[in-house]
$ cat query.csv   # CSV, C-alpha atoms and all ligand atoms
chain,number,residue,atom,x,y,z
A,1,MET,CA,-59.9,-71.7,28.5
A,2,ALA,CA,-58.3,-71.3,25.1
A,3,ARG,CA,-58.2,-74.6,23.3
A,4,VAL,CA,-56.5,-74.5,19.9
A,5,TYR,CA,-57.5,-76.2,16.7
A,6,ASN,CA,-54.8,-78.9,16.6
A,7,PHE,CA,-54.1,-80.3,13.1
A,8,SER,CA,-51.4,-82.7,14.4
A,9,ALA,CA,-50.9,-86.0,12.5
A,10,GLY,CA,-50.9,-87.8,15.9
A,11,PRO,CA,-51.2,-87.7,18.8
A,12,SER,CA,-54.2,-85.6,17.9
A,13,MET,CA,-57.4,-84.0,19.1
A,14,LEU,CA,-59.9,-86.0,21.2
A,15,PRO,CA,-63.6,-85.1,21.5
A,16,GLU,CA,-64.0,-82.5,24.1
A,17,LYS,CA,-66.9,-84.4,25.7
A,18,VAL,CA,-64.7,-87.4,26.1
A,19,LEU,CA,-61.9,-85.3,27.8
A,20,ARG,CA,-64.5,-83.9,30.2
A,21,GLN,CA,-65.8,-87.3,31.0
A,22,ALA,CA,-62.3,-88.6,31.7
A,23,GLN,CA,-61.8,-85.5,33.9
A,24,ALA,CA,-65.0,-86.1,35.8
A,25,GLU,CA,-64.0,-89.7,36.4
A,26,LEU,CA,-60.3,-89.0,37.0
A,27,LEU,CA,-60.2,-89.2,40.8
A,28,GLU,CA,-62.9,-91.8,41.3
A,29,TYR,CA,-64.1,-94.2,38.7
A,30,GLY,CA,-67.6,-95.4,39.4
A,31,ASP,CA,-67.7,-96.8,43.0
A,32,SER,CA,-64.1,-97.9,42.9
A,33,GLY,CA,-62.7,-95.1,45.0
A,34,GLN,CA,-59.8,-94.8,42.7
A,35,SER,CA,-58.7,-93.6,39.3
A,36,VAL,CA,-58.4,-95.9,36.3
A,37,MET,CA,-54.8,-94.9,36.2
A,38,GLU,CA,-54.3,-96.5,39.7
A,39,MET,CA,-56.4,-99.6,39.6
A,40,SER,CA,-55.3,-103.1,39.2
A,41,HIS,CA,-55.8,-104.5,35.7
A,42,ARG,CA,-57.2,-107.6,37.5
A,43,SER,CA,-59.8,-105.6,39.3
A,44,LYS,CA,-63.5,-106.1,38.6
A,45,TRP,CA,-63.7,-102.5,37.4
A,46,PHE,CA,-61.0,-102.8,34.8
A,47,ASP,CA,-62.2,-106.2,33.7
A,48,ALA,CA,-65.5,-104.6,32.9
A,49,ILE,CA,-63.7,-101.7,31.1
A,50,ILE,CA,-61.7,-103.9,28.8
A,51,LYS,CA,-64.6,-106.2,28.0
A,52,ASP,CA,-66.9,-103.3,27.3
A,53,THR,CA,-64.2,-101.5,25.1
A,54,GLU,CA,-63.8,-104.6,23.0
A,55,ALA,CA,-67.6,-105.2,22.7
A,56,THR,CA,-68.2,-101.6,21.7
A,57,LEU,CA,-65.4,-101.8,19.0
A,58,ARG,CA,-67.1,-104.9,17.7
A,59,ARG,CA,-70.5,-103.2,17.5
A,60,VAL,CA,-69.1,-99.9,16.0
A,61,MET,CA,-67.0,-101.7,13.4
A,62,ASN,CA,-69.4,-104.6,12.9
A,63,ILE,CA,-66.6,-107.1,13.4
A,64,PRO,CA,-67.6,-110.7,12.5
A,65,ASP,CA,-67.4,-113.3,15.3
A,66,ASN,CA,-64.5,-115.2,13.6
A,67,TYR,CA,-62.2,-112.2,14.2
A,68,LYS,CA,-60.2,-111.7,17.5
A,69,VAL,CA,-59.5,-108.2,18.9
A,70,GLY,CA,-56.3,-107.5,20.8
A,71,PHE,CA,-54.8,-104.5,22.6
A,72,PHE,CA,-51.0,-104.3,22.3
A,73,GLN,CA,-48.2,-102.0,23.4
A,74,GLY,CA,-45.4,-101.0,21.0
A,75,GLY,CA,-47.5,-98.8,18.6
A,76,ALA,CA,-48.2,-99.5,15.0
A,77,THR,CA,-44.4,-99.9,14.4
A,78,GLN,CA,-44.3,-103.0,16.5
A,79,GLN,CA,-47.1,-104.4,14.3
A,80,PHE,CA,-44.7,-104.1,11.4
A,81,ALA,CA,-42.7,-107.0,13.0
A,82,MET,CA,-45.6,-108.9,14.6
A,83,VAL,CA,-47.4,-109.3,11.2
A,84,PRO,CA,-44.5,-111.2,9.5
A,85,LEU,CA,-43.6,-113.0,12.7
A,86,ASN,CA,-47.1,-114.4,13.0
A,87,PHE,CA,-48.4,-114.6,9.5
A,88,MET,CA,-45.4,-115.2,7.1
A,89,THR,CA,-45.9,-118.9,7.0
A,90,THR,CA,-44.7,-119.4,3.4
A,91,GLY,CA,-41.6,-117.4,4.0
A,92,LYS,CA,-42.8,-114.6,1.7
A,93,ALA,CA,-45.4,-111.8,1.6
A,94,ASP,CA,-46.4,-109.1,-0.9
A,95,TYR,CA,-46.0,-105.4,0.1
A,96,ILE,CA,-47.5,-102.4,-1.7
A,97,VAL,CA,-45.4,-99.3,-0.9
A,98,SER,CA,-47.5,-96.2,-1.1
A,99,GLY,CA,-45.6,-94.0,1.4
A,100,ASN,CA,-43.3,-93.9,4.3
A,101,PHE,CA,-45.0,-96.3,6.7
A,102,SER,CA,-45.7,-99.1,4.2
A,103,GLY,CA,-42.0,-98.8,3.2
A,104,LEU,CA,-41.0,-99.2,6.9
A,105,ALA,CA,-43.4,-102.2,7.2
A,106,ALA,CA,-41.8,-103.9,4.2
A,107,LYS,CA,-38.3,-103.2,5.5
A,108,GLU,CA,-39.1,-104.7,8.9
A,109,ALA,CA,-40.8,-107.8,7.3
A,110,ALA,CA,-37.6,-108.3,5.1
A,111,LYS,CA,-35.8,-109.3,8.4
A,112,PHE,CA,-38.0,-112.4,8.7
A,113,GLY,CA,-38.5,-113.5,5.1
A,114,GLU,CA,-39.0,-112.3,1.6
A,115,ALA,CA,-41.0,-109.0,1.6
A,116,LYS,CA,-41.7,-108.5,-2.1
A,117,ILE,CA,-42.5,-105.0,-3.1
A,118,VAL,CA,-45.1,-105.7,-5.8
A,119,ALA,CA,-46.0,-102.1,-6.5
A,120,SER,CA,-44.8,-98.7,-5.4
A,121,SER,CA,-45.8,-95.0,-6.0
A,122,LYS,CA,-42.3,-93.7,-5.2
A,123,ASP,CA,-41.8,-92.7,-8.9
A,124,LYS,CA,-44.2,-89.7,-8.3
A,125,ASN,CA,-43.2,-89.0,-4.7
A,126,PHE,CA,-46.2,-91.1,-3.4
A,127,THR,CA,-48.8,-88.7,-4.8
A,128,TYR,CA,-51.0,-91.6,-5.9
A,129,ILE,CA,-51.9,-95.2,-5.0
A,130,PRO,CA,-50.7,-98.0,-7.3
A,131,ASP,CA,-53.5,-99.6,-9.3
A,132,VAL,CA,-54.3,-102.6,-7.2
A,133,ASN,CA,-55.8,-104.4,-10.2
A,134,ALA,CA,-52.7,-104.2,-12.3
A,135,ILE,CA,-50.4,-105.9,-9.8
A,136,ASP,CA,-48.8,-109.3,-10.3
A,137,TYR,CA,-49.4,-110.8,-6.9
A,138,ASP,CA,-47.6,-113.9,-5.7
A,139,LYS,CA,-50.1,-116.8,-5.2
A,140,ASP,CA,-47.8,-118.2,-2.6
A,141,ALA,CA,-47.5,-115.0,-0.6
A,142,SER,CA,-48.6,-115.4,3.0
A,143,TYR,CA,-50.4,-112.1,2.8
A,144,ILE,CA,-50.6,-108.8,1.0
A,145,HIS,CA,-49.8,-105.8,3.1
A,146,ILE,CA,-51.1,-102.2,2.5
A,147,CYS,CA,-51.2,-99.0,4.4
A,148,GLN,CA,-54.7,-97.8,3.7
A,149,ASN,CA,-54.2,-94.1,4.4
A,150,ASN,CA,-50.8,-92.5,4.0
A,151,THR,CA,-50.5,-90.0,6.8
A,152,ILE,CA,-47.5,-88.1,5.5
A,153,PHE,CA,-48.3,-88.0,1.8
A,154,GLY,CA,-52.1,-87.5,2.2
A,155,THR,CA,-53.3,-90.4,0.0
A,156,GLN,CA,-55.9,-93.2,0.6
A,157,TYR,CA,-56.9,-96.4,-1.1
A,158,VAL,CA,-60.1,-96.3,-3.1
A,159,GLU,CA,-60.0,-100.0,-4.1
A,160,LEU,CA,-58.5,-103.0,-2.2
A,161,PRO,CA,-56.3,-105.8,-3.4
A,162,GLN,CA,-58.4,-109.0,-3.2
A,163,VAL,CA,-56.7,-112.2,-4.1
A,164,GLU,CA,-58.4,-115.5,-3.5
A,165,GLY,CA,-56.7,-117.4,-0.7
A,166,VAL,CA,-54.2,-114.6,0.2
A,167,PRO,CA,-55.2,-112.5,3.2
A,168,LEU,CA,-55.1,-108.8,3.1
A,169,VAL,CA,-53.3,-107.1,6.0
A,170,ALA,CA,-53.9,-103.3,6.4
A,171,ASP,CA,-52.3,-100.6,8.5
A,172,MET,CA,-55.3,-98.4,9.2
A,173,SER,CA,-53.6,-96.1,11.8
A,174,SER,CA,-54.6,-92.9,10.2
A,175,MET,CA,-58.1,-93.7,9.0
A,176,ILE,CA,-59.5,-96.2,11.5
A,177,LEU,CA,-63.0,-95.4,12.6
A,178,SER,CA,-63.3,-92.6,10.1
A,179,LYS,CA,-65.7,-94.5,8.0
A,180,PRO,CA,-67.3,-98.0,7.8
A,181,VAL,CA,-65.0,-100.8,6.5
A,182,ASP,CA,-65.9,-104.3,5.6
A,183,VAL,CA,-63.8,-106.2,8.0
A,184,SER,CA,-64.4,-109.5,6.2
A,185,LYS,CA,-62.3,-108.3,3.3
A,186,TYR,CA,-59.2,-108.4,5.6
A,187,GLY,CA,-57.2,-111.1,7.3
A,188,CYS,CA,-55.8,-108.5,9.7
A,189,ILE,CA,-56.4,-104.8,10.4
A,190,TYR,CA,-54.1,-103.0,12.8
A,191,PHE,CA,-53.6,-99.4,13.9
A,192,GLY,CA,-51.9,-97.2,16.4
A,193,VAL,CA,-54.6,-95.5,18.5
A,194,GLN,CA,-53.1,-92.0,18.8
A,195,LYS,CA,-54.8,-90.4,15.8
A,196,ASN,CA,-58.5,-91.3,15.7
A,197,VAL,CA,-59.0,-93.2,18.9
A,198,ALA,CA,-57.1,-92.4,22.1
A,199,PRO,CA,-53.9,-91.1,23.6
A,200,ALA,CA,-50.6,-92.6,22.4
A,201,GLY,CA,-49.4,-95.9,23.8
A,202,MET,CA,-51.3,-98.7,22.1
A,203,ALA,CA,-52.1,-100.5,18.9
A,204,ILE,CA,-55.2,-102.6,18.3
A,205,ALA,CA,-55.2,-105.6,15.9
A,206,ILE,CA,-58.3,-107.3,14.5
A,207,ILE,CA,-57.3,-110.8,13.3
A,208,ARG,CA,-59.3,-113.5,11.4
A,209,ASP,CA,-58.9,-116.5,13.7
A,210,ASP,CA,-57.6,-119.0,11.1
A,211,LEU,CA,-54.4,-116.9,10.8
A,212,LEU,CA,-53.6,-117.5,14.5
A,213,GLY,CA,-51.5,-120.3,15.9
A,214,HIS,CA,-48.9,-120.4,13.2
A,215,ALA,CA,-46.0,-118.5,14.7
A,216,ALA,CA,-42.7,-120.2,15.2
A,217,ASP,CA,-41.8,-121.3,18.8
A,218,ASN,CA,-38.9,-118.8,19.0
A,219,VAL,CA,-41.2,-115.8,18.5
A,220,PRO,CA,-40.9,-113.7,21.7
A,221,THR,CA,-44.0,-114.0,23.9
A,222,MET,CA,-44.9,-110.3,23.6
A,223,MET,CA,-44.8,-110.6,19.8
A,224,ASN,CA,-47.0,-113.6,19.6
A,225,TYR,CA,-50.6,-112.7,18.8
A,226,THR,CA,-51.9,-116.1,19.8
A,227,THR,CA,-50.4,-116.1,23.2
A,228,LEU,CA,-51.5,-112.6,23.9
A,229,LEU,CA,-55.0,-113.1,22.6
A,230,ALA,CA,-55.4,-116.4,24.6
A,231,LYS,CA,-55.0,-114.2,27.7
A,232,ASP,CA,-57.5,-111.6,26.4
A,233,SER,CA,-54.7,-109.0,26.0
A,234,MET,CA,-53.8,-109.4,29.7
A,235,TYR,CA,-50.8,-111.7,29.5
A,236,ASN,CA,-49.0,-108.9,31.2
A,237,THR,CA,-50.1,-105.5,32.4
A,238,PRO,CA,-52.0,-103.9,29.5
A,239,PRO,CA,-52.1,-100.1,28.7
A,240,CYS,CA,-55.1,-99.7,31.0
A,241,TRP,CA,-55.6,-95.9,30.6
A,242,CYS,CA,-55.5,-96.2,26.8
A,243,ILE,CA,-58.0,-99.0,26.8
A,244,TYR,CA,-60.3,-96.9,29.0
A,245,MET,CA,-60.0,-93.9,26.8
A,246,THR,CA,-60.6,-96.0,23.7
A,247,GLY,CA,-63.8,-97.2,25.3
A,248,LEU,CA,-65.0,-93.6,26.0
A,249,VAL,CA,-64.2,-92.5,22.4
A,250,LEU,CA,-66.0,-95.6,21.0
A,251,LYS,CA,-69.1,-94.8,23.1
A,252,TYR,CA,-69.0,-91.3,21.9
A,253,LEU,CA,-68.9,-92.4,18.3
A,254,GLU,CA,-71.7,-94.8,18.9
A,255,ASN,CA,-74.1,-92.6,20.9
A,256,ASP,CA,-73.2,-89.0,20.0
A,257,ILE,CA,-72.1,-89.3,16.4
A,258,GLY,CA,-74.4,-92.2,15.6
A,259,GLY,CA,-71.9,-94.6,14.2
A,260,LEU,CA,-69.3,-94.8,11.4
A,261,ALA,CA,-71.7,-94.0,8.5
A,262,ASN,CA,-72.4,-90.6,10.1
A,263,MET,CA,-68.8,-90.1,11.0
A,264,GLN,CA,-67.9,-90.7,7.3
A,265,LYS,CA,-70.4,-88.0,6.2
A,266,ILE,CA,-69.0,-85.5,8.6
A,267,ASN,CA,-65.4,-86.3,7.6
A,268,GLU,CA,-66.1,-86.1,3.9
A,269,ALA,CA,-67.9,-82.8,4.3
A,270,LYS,CA,-64.9,-81.4,6.3
A,271,ALA,CA,-62.4,-82.6,3.7
A,272,LYS,CA,-64.5,-81.2,0.8
A,273,VAL,CA,-64.4,-77.7,2.3
A,274,LEU,CA,-60.6,-77.8,2.4
A,275,TYR,CA,-60.1,-79.5,-1.0
A,276,ASP,CA,-62.7,-77.2,-2.7
A,277,TYR,CA,-60.8,-74.2,-1.3
A,278,LEU,CA,-57.5,-75.5,-2.5
A,279,ASP,CA,-58.9,-76.1,-6.0
A,280,GLY,CA,-60.5,-72.7,-6.2
A,281,GLN,CA,-57.3,-70.6,-6.0
A,282,GLU,CA,-53.7,-70.9,-7.1
A,283,PHE,CA,-51.6,-69.7,-4.1
A,284,PHE,CA,-51.9,-73.0,-2.2
A,285,THR,CA,-51.6,-76.3,-4.1
A,286,ASN,CA,-52.2,-79.9,-3.2
A,287,PRO,CA,-50.1,-82.4,-5.3
A,288,VAL,CA,-52.2,-85.5,-4.9
A,289,GLU,CA,-54.0,-87.2,-7.8
A,290,HIS,CA,-57.6,-86.3,-7.0
A,291,ARG,CA,-59.2,-89.7,-6.7
A,292,TYR,CA,-56.6,-90.7,-4.0
A,293,ARG,CA,-56.9,-87.7,-1.8
A,294,SER,CA,-57.0,-88.5,1.8
A,295,THR,CA,-60.0,-87.6,3.9
A,296,MET,CA,-57.9,-87.4,7.0
A,297,ASN,CA,-54.5,-85.8,6.0
A,298,VAL,CA,-54.7,-82.8,3.6
A,299,THR,CA,-51.3,-81.7,2.3
A,300,PHE,CA,-50.6,-78.4,0.6
A,301,THR,CA,-47.9,-75.9,-0.2
A,302,SER,CA,-47.7,-72.2,-0.7
A,303,PRO,CA,-45.5,-70.7,-3.5
A,304,ASN,CA,-42.2,-71.3,-1.6
A,305,PRO,CA,-40.7,-72.8,1.6
A,306,ASP,CA,-40.2,-69.3,3.2
A,307,MET,CA,-43.9,-68.6,2.7
A,308,ASP,CA,-44.8,-72.0,4.1
A,309,LYS,CA,-42.9,-71.1,7.3
A,310,LYS,CA,-44.6,-67.7,7.5
A,311,PHE,CA,-48.0,-69.4,7.0
A,312,CYS,CA,-47.3,-71.9,9.8
A,313,ALA,CA,-46.1,-69.3,12.2
A,314,GLU,CA,-49.1,-66.9,11.6
A,315,ALA,CA,-51.5,-69.8,11.7
A,316,ALA,CA,-50.2,-70.9,15.1
A,317,GLU,CA,-50.5,-67.4,16.4
A,318,ALA,CA,-54.2,-67.5,15.3
A,319,GLY,CA,-54.8,-70.8,17.1
A,320,PHE,CA,-54.3,-73.3,14.2
A,321,VAL,CA,-51.4,-75.4,15.4
A,322,ASN,CA,-49.3,-78.3,14.1
A,323,LEU,CA,-49.8,-77.4,10.4
A,324,LYS,CA,-46.2,-77.9,9.4
A,325,GLY,CA,-45.9,-80.8,6.8
A,326,HIS,CA,-43.7,-83.8,7.5
A,327,ARG,CA,-40.0,-83.3,6.7
A,328,LEU,CA,-40.3,-85.8,3.8
A,329,VAL,CA,-42.7,-83.6,1.9
A,330,GLY,CA,-42.3,-80.1,3.4
A,331,GLY,CA,-45.2,-77.6,3.0
A,332,MET,CA,-48.2,-78.0,5.2
A,333,ARG,CA,-50.5,-80.8,6.3
A,334,ALA,CA,-53.8,-80.4,8.0
A,335,SER,CA,-54.8,-83.6,9.8
A,336,ILE,CA,-58.5,-83.4,10.1
A,337,TYR,CA,-59.3,-86.6,12.1
A,338,ASN,CA,-62.7,-87.5,13.6
A,339,ALA,CA,-62.3,-85.1,16.6
A,340,MET,CA,-61.5,-82.0,14.5
A,341,PRO,CA,-64.8,-80.1,14.5
A,342,ALA,CA,-66.1,-78.8,11.1
A,343,GLU,CA,-65.8,-75.3,12.5
A,344,GLY,CA,-62.0,-75.8,12.8
A,345,VAL,CA,-61.8,-76.6,9.1
A,346,ASP,CA,-64.1,-73.7,8.2
A,347,LYS,CA,-62.1,-71.3,10.2
A,348,LEU,CA,-58.8,-72.6,8.8
A,349,VAL,CA,-60.0,-72.0,5.3
A,350,ASP,CA,-61.0,-68.4,6.3
A,351,PHE,CA,-57.5,-67.9,7.7
A,352,MET,CA,-55.9,-69.3,4.5
A,353,GLU,CA,-57.9,-66.9,2.4
A,354,LYS,CA,-56.9,-64.0,4.5
A,355,PHE,CA,-53.3,-65.1,4.4
A,356,ARG,CA,-53.5,-65.5,0.6
A,357,LYS,CA,-54.9,-62.0,0.1
A,358,GLU,CA,-52.1,-60.5,2.3
A,359,ASN,CA,-49.3,-62.4,0.6
A,360,ALA,CA,-50.2,-63.3,-3.0
A,401,LIG,N1,-48.6,-96.3,10.3
A,401,LIG,C1,-49.1,-95.1,10.0
A,401,LIG,C2,-50.0,-95.0,8.8
A,401,LIG,C3,-48.8,-94.0,10.8
A,401,LIG,O1,-49.3,-92.8,10.5
A,401,LIG,C4,-47.9,-94.1,11.9
A,401,LIG,C5,-47.5,-93.0,12.8
A,401,LIG,N2,-47.6,-91.7,12.3
A,401,LIG,C6,-47.3,-95.4,12.1
A,401,LIG,C7,-47.7,-96.5,11.3
A,401,LIG,C8,-46.4,-95.6,13.2
A,401,LIG,O2,-47.1,-95.6,14.4
A,401,LIG,P1,-46.5,-95.7,15.9
A,401,LIG,O3,-45.9,-94.4,16.1
A,401,LIG,O4,-47.7,-96.0,16.7
A,401,LIG,O5,-45.5,-96.8,15.9
$ encode --input "query.csv" --output "structure tokens" --more "lines below"
Ligand code: PMP
Amino acid sequence: MARVYNFSAGPSMLPEKVLRQAQAELLEYGDSGQSVMEMSHRSKWFDAIIKDTEATLRRVMNIPDNYKVGFFQGGATQQFAMVPLNFMTTGKADYIVSGNFSGLAAKEAAKFGEAKIVASSKDKNFTYIPDVNAIDYDKDASYIHICQNNTIFGTQYVELPQVEGVPLVADMSSMILSKPVDVSKYGCIYFGVQKNVAPAGMAIAIIRDDLLGHAADNVPTMMNYTTLLAKDSMYNTPPCWCIYMTGLVLKYLENDIGGLANMQKINEAKAKVLYDYLDGQEFFTNPVEHRYRSTMNVTFTSPNPDMDKKFCAEAAEAGFVNLKGHRLVGGMRASIYNAMPAEGVDKLVDFMEKFRKENA
């Protein structure tokens, strides 16, 4: 078997132990005589899986009782619409644009009301996060929306907007479960699962219960959090396999990693290896203002685009795949999510140094 180090921004690596467990249970889950892929979502086995997955997420993230958890199809992009459709009760909301996805979220919300861009880091090609304490928030905004880690530009928030009476809504797609977060600081947290949690095909939302029940009557059923949550995410057929895989990854985080505080230590150590290397030479450079550097997505460039291409090709040959940066920024991006082993980052740095010596 020759598994590569996969630096994809998503879908991305899953823990090998989890893949093996899924493989072992593939043909027959427990005493069910069938695969999770085949079983009815109304069966007693799946009922236990979805309940256990939610309970484990609640333990791992320490989610307070006044928050509901839902499993939804449509990815994080569908959440860009569900958030305003469900929460924009005053007809307006504040959006901080710190990259591509927060821009898309604001654009989607503008279809349903006033999505006010209260700050943006576009002036410096999203290489920093706007100062959340210097923003003139609207007291009548229904919520403030942020994207907490910018997958494409490799930046992350270090402070959060906190405005009395205005809930914070955060897209955590590319940093969820990478470190502990204080859920009580948010009105809603949502994320696509295909980076740090599970295979593609699902988004999870964690919603403070006072925000539910305010959607207009004409909001489509499948876009209404309240309706879907009232049926425990089983109004229709849920993404069963994804929910099962989410449960396995969460158990792994809880039992093998020892929780999110340990996961954070591991992730920060991995990121430090890569950033320290980048800072210690001049061939590769990272453009991000240091204090906002992402722990999950590390962007860098070589001296020119042809060299970037050569680097990505030779890296892939050597077993380091999906290092090409997003087309909006070019260069390279190493996504080092939870499941990327420290060894993968160490070996990547060795490879980078070898490449630098040969090409500088
Ligand atoms: N938000 C962020 C931060 C993302 O990184 C992505 C996907 N890369 C999305 C939203 C969109 O997610 P999806 O493809 O699940 O709709």
$ closest_atom_pairs --input "query.csv" --of "chain A" --to "ligand LIG 401 (chain A)" --cutoff "6 Å" --atoms "only C-alpha atoms and all ligand atoms" --output "tab-separated table"
residue	atom	partner	partner_atom	distance
A:Gly75	CA	A:LIG401	O4	3.4
A:Ala76	CA	A:LIG401	O4	3.9
A:Thr77	CA	A:LIG401	O5	3.6
A:Phe101	CA	A:LIG401	N1	5.1
A:Asn150	CA	A:LIG401	C2	5.5
A:Thr151	CA	A:LIG401	O1	4.8
A:Asp171	CA	A:LIG401	N1	6.0
A:Ser173	CA	A:LIG401	C2	4.8
A:Ser174	CA	A:LIG401	C2	5.2
A:Gly192	CA	A:LIG401	O4	4.4
$ write_last_selection --input "query.csv" --atoms "C-alpha atoms" --output "short mmCIF file (atom, residue, chain, number, x, y, z; two decimals), keeping the file's coordinate frame"
data_model
loop_
_atom_site.label_atom_id
_atom_site.label_comp_id
_atom_site.auth_asym_id
_atom_site.auth_seq_id
_atom_site.Cartn_x
_atom_site.Cartn_y
_atom_site.Cartn_z
CA GLY A 75 -47.50 -98.80 18.60
CA ALA A 76 -48.20 -99.50 15.00
CA THR A 77 -44.40 -99.90 14.40
CA PHE A 101 -45.00 -96.30 6.70
CA ASN A 150 -50.80 -92.50 4.00
CA THR A 151 -50.50 -90.00 6.80
CA ASP A 171 -52.30 -100.60 8.50
CA SER A 173 -53.60 -96.10 11.80
CA SER A 174 -54.60 -92.90 10.20
CA GLY A 192 -51.90 -97.20 16.40
#
$ atom_distance --input "query.csv" --atom1 "CA of Gln194 in chain A" --atom2 "CA of Asn149 in chain A"
14.6 Å
$ atom_distance --input "query.csv" --atom1 "CA of Cys188 in chain A" --atom2 "CA of Ile206 in chain A"
5.5 Å
$ residues_around --input "query.csv" --residues "range 93-99 of chain A" --least-positions-apart "2" --cutoff "9 Å" --atoms "all atoms listed in the file" --output "PyMOL selection string"
chain A and resi 84+87-91+101-106+109+113-122+125-130+132+137-138+140-153+155
$ residues_near_point --input "query.csv" --point "(-66.0, -92.9, 11.7)" --cutoff "6 Å" --atoms "all atoms listed in the file" --output "list in words"
Leu177, Ser178, Lys179, Leu260, Met263 and Gln264 of chain A
$ atom_distance --input "query.csv" --atom1 "CA of Pro305 in chain A" --atom2 "CA of Ala9 in chain A"
19.9 Å
$ residues_around --input "query.csv" --residues "Arg333 in chain A" --least-positions-apart "4" --cutoff "7 Å" --atoms "only C-alpha atoms" --output "list in words"
Asn297, Val298, Thr299, Phe300, Leu323, Lys324 and Gly325 of chain A
$ residues_around --input "query.csv" --residues "Trp45 in chain A" --least-positions-apart "3" --cutoff "10 Å" --atoms "all atoms listed in the file" --output "ChimeraX atom specification"
/A:29-32,36,39-42,48-50
$ closest_residue --input "query.csv" --among "A:Phe7, A:Phe351, A:Tyr337, A:Phe71" --to "Asn196 in chain A" --atoms "all atoms listed in the file"
A:Tyr337
